[in-house]
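Next up, upload31.tsv (TSV, N, CA and C atoms):
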```
chain	number	residue	atom	x	y	z
R	1	SER	N	94.15	184.17	89.61
R	1	SER	CA	94.54	185.38	90.31
R	1	SER	C	93.30	186.13	90.78
R	2	ILE	N	93.51	187.04	91.67
R	2	ILE	CA	92.41	187.80	92.25
R	2	ILE	C	92.89	189.23	92.54
R	3	THR	N	92.02	190.19	92.30
R	3	THR	CA	92.31	191.59	92.62
R	3	THR	C	91.45	192.00	93.79
R	4	VAL	N	92.06	192.64	94.78
R	4	VAL	CA	91.37	193.00	96.01
R	4	VAL	C	91.47	194.50	96.23
R	5	ASN	N	90.36	195.12	96.57
R	5	ASN	CA	90.33	196.52	96.98
R	5	ASN	C	90.11	196.58	98.48
R	6	THR	N	90.79	197.51	99.13
R	6	THR	CA	90.67	197.60	100.58
R	6	THR	C	89.42	198.33	101.03
R	7	ASP	N	88.70	198.93	100.09
R	7	ASP	CA	87.59	199.81	100.40
R	7	ASP	C	88.21	201.10	100.95
R	8	TRP	N	87.41	202.02	101.38
R	8	TRP	CA	87.93	203.29	101.87
R	8	TRP	C	88.39	203.14	103.30
R	9	VAL	N	89.70	203.28	103.50
R	9	VAL	CA	90.30	203.11	104.82
R	9	VAL	C	90.99	204.40	105.24
R	10	GLU	N	91.28	204.48	106.52
R	10	GLU	CA	91.94	205.67	107.06
R	10	GLU	C	93.43	205.64	106.77
R	11	GLU	N	94.07	206.76	106.97
R	11	GLU	CA	95.48	206.93	106.65
R	11	GLU	C	96.39	205.96	107.40
R	12	GLU	N	96.06	205.58	108.61
R	12	GLU	CA	96.87	204.69	109.42
R	12	GLU	C	96.94	203.28	108.85
R	13	TYR	N	96.06	202.93	107.94
R	13	TYR	CA	96.00	201.60	107.34
R	13	TYR	C	97.24	201.31	106.51
R	14	LYS	N	98.00	202.35	106.16
R	14	LYS	CA	99.21	202.15	105.36
R	14	LYS	C	100.22	201.26	106.06
R	15	LEU	N	100.22	201.23	107.39
R	15	LEU	CA	101.12	200.35	108.13
R	15	LEU	C	100.79	198.88	107.87
R	16	ILE	N	99.52	198.56	107.78
R	16	ILE	CA	99.09	197.19	107.49
R	16	ILE	C	99.46	196.82	106.06
R	17	ILE	N	99.31	197.74	105.13
R	17	ILE	CA	99.69	197.49	103.74
R	17	ILE	C	101.19	197.23	103.64
R	18	GLU	N	102.00	197.99	104.36
R	18	GLU	CA	103.45	197.78	104.37
R	18	GLU	C	103.79	196.39	104.88
R	19	GLN	N	103.14	195.95	105.95
R	19	GLN	CA	103.38	194.62	106.50
R	19	GLN	C	102.98	193.54	105.51
R	20	LEU	N	101.89	193.75	104.81
R	20	LEU	CA	101.42	192.79	103.83
R	20	LEU	C	102.40	192.68	102.67
R	21	LEU	N	102.97	193.80	102.22
R	21	LEU	CA	103.94	193.78	101.14
R	21	LEU	C	105.22	193.03	101.52
R	22	MET	N	105.56	193.02	102.80
R	22	MET	CA	106.78	192.36	103.25
R	22	MET	C	106.55	190.94	103.76
R	23	SER	N	105.31	190.48	103.78
R	23	SER	CA	105.00	189.16	104.31
R	23	SER	C	105.50	188.04	103.41
R	24	GLU	N	105.98	186.98	104.03
R	24	GLU	CA	106.41	185.80	103.28
R	24	GLU	C	105.25	184.83	103.08
R	25	ARG	N	104.31	184.82	104.00
R	25	ARG	CA	103.18	183.88	103.93
R	25	ARG	C	101.89	184.66	104.09
R	26	ILE	N	101.00	184.52	103.09
R	26	ILE	CA	99.71	185.20	103.12
R	26	ILE	C	98.64	184.16	102.86
R	27	LEU	N	97.62	184.14	103.70
R	27	LEU	CA	96.49	183.23	103.53
R	27	LEU	C	95.24	184.04	103.23
R	28	LEU	N	94.54	183.65	102.18
R	28	LEU	CA	93.29	184.29	101.80
R	28	LEU	C	92.16	183.56	102.50
R	29	ASN	N	91.35	184.27	103.24
R	29	ASN	CA	90.26	183.70	104.05
R	29	ASN	C	90.79	182.70	105.07
R	30	GLY	N	92.06	182.83	105.44
R	30	GLY	CA	92.64	181.95	106.44
R	30	GLY	C	92.89	180.53	105.98
R	31	LYS	N	92.71	180.25	104.68
R	31	LYS	CA	92.81	178.88	104.18
R	31	LYS	C	93.72	178.75	102.96
R	32	GLN	N	93.55	179.61	101.98
R	32	GLN	CA	94.21	179.45	100.70
R	32	GLN	C	95.49	180.28	100.63
R	33	PRO	N	96.63	179.63	100.36
R	33	PRO	CA	97.88	180.38	100.25
R	33	PRO	C	97.91	181.18	98.95
R	34	VAL	N	98.34	182.43	99.03
R	34	VAL	CA	98.45	183.30	97.87
R	34	VAL	C	99.80	184.02	97.91
R	35	THR	N	100.22	184.48	96.75
R	35	THR	CA	101.41	185.33	96.67
R	35	THR	C	100.98	186.69	96.14
R	36	LEU	N	101.55	187.71	96.69
R	36	LEU	CA	101.23	189.08	96.31
R	36	LEU	C	102.01	189.43	95.05
R	37	THR	N	101.32	189.75	93.96
R	37	THR	CA	101.99	190.11	92.71
R	37	THR	C	102.16	191.61	92.56
R	38	THR	N	101.50	192.38	93.39
R	38	THR	CA	101.67	193.83	93.37
R	38	THR	C	103.06	194.13	93.94
R	39	GLN	N	103.88	194.79	93.15
R	39	GLN	CA	105.26	195.06	93.57
R	39	GLN	C	105.36	196.26	94.50
R	40	SER	N	104.55	197.28	94.26
R	40	SER	CA	104.61	198.46	95.11
R	40	SER	C	103.24	199.14	95.12
R	41	VAL	N	103.02	199.88	96.18
R	41	VAL	CA	101.77	200.61	96.36
R	41	VAL	C	102.14	202.01	96.84
R	42	GLU	N	101.51	203.01	96.28
R	42	GLU	CA	101.75	204.37	96.75
R	42	GLU	C	101.04	204.55	98.08
R	43	LEU	N	101.81	204.69	99.14
R	43	LEU	CA	101.23	204.84	100.47
R	43	LEU	C	100.97	206.32	100.72
R	44	TYR	N	99.72	206.66	100.77
R	44	TYR	CA	99.33	208.06	100.91
R	44	TYR	C	99.41	208.52	102.35
R	45	LYS	N	99.70	209.78	102.53
R	45	LYS	CA	99.66	210.37	103.86
R	45	LYS	C	99.33	211.85	103.72
R	46	SER	N	98.70	212.37	104.73
R	46	SER	CA	98.34	213.79	104.80
R	46	SER	C	97.53	214.26	103.59
R	47	ILE	N	96.52	213.48	103.22
R	47	ILE	CA	95.64	213.93	102.15
R	47	ILE	C	94.39	214.54	102.77
R	48	ASP	N	93.66	215.30	101.98
R	48	ASP	CA	92.54	216.06	102.50
R	48	ASP	C	91.40	215.19	103.03
R	49	THR	N	91.04	214.16	102.29
R	49	THR	CA	89.87	213.37	102.68
R	49	THR	C	90.16	212.37	103.79
R	50	LYS	N	91.43	212.01	103.97
R	50	LYS	CA	91.85	211.04	104.99
R	50	LYS	C	91.30	209.64	104.72
R	51	MET	N	90.71	209.42	103.55
R	51	MET	CA	90.21	208.10	103.20
R	51	MET	C	90.88	207.66	101.90
R	52	ILE	N	91.40	206.42	101.89
R	52	ILE	CA	92.21	205.93	100.80
R	52	ILE	C	91.71	204.55	100.38
R	53	ASN	N	91.79	204.24	99.09
R	53	ASN	CA	91.42	202.93	98.57
R	53	ASN	C	92.65	202.31	97.92
R	54	TYR	N	93.16	201.20	98.47
R	54	TYR	CA	94.31	200.50	97.91
R	54	TYR	C	93.83	199.31	97.09
R	55	GLU	N	94.56	198.99	96.01
R	55	GLU	CA	94.25	197.83	95.18
R	55	GLU	C	95.46	196.91	95.16
R	56	LEU	N	95.25	195.64	95.47
R	56	LEU	CA	96.32	194.65	95.52
R	56	LEU	C	95.96	193.46	94.64
R	57	ASN	N	96.96	192.87	93.99
R	57	ASN	CA	96.76	191.70	93.13
R	57	ASN	C	97.45	190.50	93.76
R	58	PHE	N	96.73	189.39	93.79
R	58	PHE	CA	97.25	188.14	94.35
R	58	PHE	C	97.12	187.03	93.32
R	59	GLU	N	98.02	186.05	93.41
R	59	GLU	CA	97.90	184.81	92.65
R	59	GLU	C	97.85	183.66	93.64
R	60	PHE	N	97.05	182.67	93.33
R	60	PHE	CA	96.98	181.50	94.20
R	60	PHE	C	98.32	180.78	94.15
R	61	ALA	N	98.79	180.32	95.30
R	61	ALA	CA	100.13	179.75	95.41
R	61	ALA	C	100.16	178.25	95.14
R	62	TYR	N	99.09	177.68	94.68
R	62	TYR	CA	99.05	176.27	94.35
R	62	TYR	C	98.16	176.08	93.14
R	63	ASN	N	98.39	174.98	92.45
R	63	ASN	CA	97.56	174.68	91.29
R	63	ASN	C	96.37	173.85	91.71
R	64	CYS	N	95.20	174.20	91.23
R	64	CYS	CA	94.00	173.44	91.53
R	64	CYS	C	93.81	172.36	90.48
R	65	ILE	N	93.59	171.15	90.93
R	65	ILE	CA	93.31	170.05	90.02
R	65	ILE	C	91.89	169.57	90.33
R	66	ASN	N	91.05	169.60	89.30
R	66	ASN	CA	89.68	169.15	89.48
R	66	ASN	C	89.58	167.66	89.18
R	67	ASN	N	89.21	166.91	90.16
R	67	ASN	CA	89.02	165.46	89.98
R	67	ASN	C	87.54	165.19	89.78
R	68	VAL	N	87.22	164.55	88.68
R	68	VAL	CA	85.83	164.20	88.37
R	68	VAL	C	85.68	162.71	88.52
R	69	ILE	N	84.72	162.31	89.32
R	69	ILE	CA	84.51	160.87	89.55
R	69	ILE	C	83.35	160.39	88.73
```
Could you quickly redo this structure as structure tokens?
Amino acid sequence: SITVNTDWVEEEYKLIIEQLLMSERILLNGKQPVTLTTQSVELYKSIDTKMINYELNFEFAYNCINNVI
């Protein structure tokens, strides 16, 4: 599994987080399939600083088998 922080993003980024929560297929680095284990995220709006840090948890969607030759 892997935990990802979005870094400090603007308020409009919540739309991307919503899409990510509803996605059926997510690729990490465009290659590795992952499933989002975070069930919900508090989507902030109208806060003073206008900068938000979201934290999401993912699990790899396949088992890695190490072959040693």
Could you pull the residues within 8 Å of region 17-21 of chain R, counting only N, CA and C atoms, minus those fewer than 6 positions along the same chain, as a count of residues only?
-> 6
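For the atom pair formed by atom N of Trp8 (chain R) and CA of Tyr62 (chain R), the distance is 29.1 Å, given to one decimal.
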For atom C of Met51 (chain R) and CA of Val4 (chain R), quote the distance in Å rounded to one decimal.
->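 The value is 15.8 Å.
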So how many Å separate atom N of Lys14 (chain R) and atom C of Gln32 (chain R), to one decimal?
->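 Distance between the two atoms: 22.9 Å.
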Determine the axis-aligned bounding box of all atoms of region 31-36 of chain R present in the file, pad each side by 5 Å, and express its centre and edge lengths in Å to one decimal place as JSON.
```
{"center_x": 97.4, "center_y": 184.1, "center_z": 99.9, "size_x": 19.3, "size_y": 20.7, "size_z": 19.6}
```
Counting only N, CA and C atoms, the option among R:Thr35, R:Thr6, R:Asn29, R:Ser1 closest to Ala61 (chain R) =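 Smallest distance to Ala61 (chain R) is found for R:Thr35.
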So which residues touch Asn57 (chain R) within 6 Å, counting only C-alpha atoms, skipping near sequence neighbours fewer than 4 positions away, as a list in words?
->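 Near neighbours after the sequence-gap exclusion: Ile2, Thr3, Thr37 and Thr38 of chain R.
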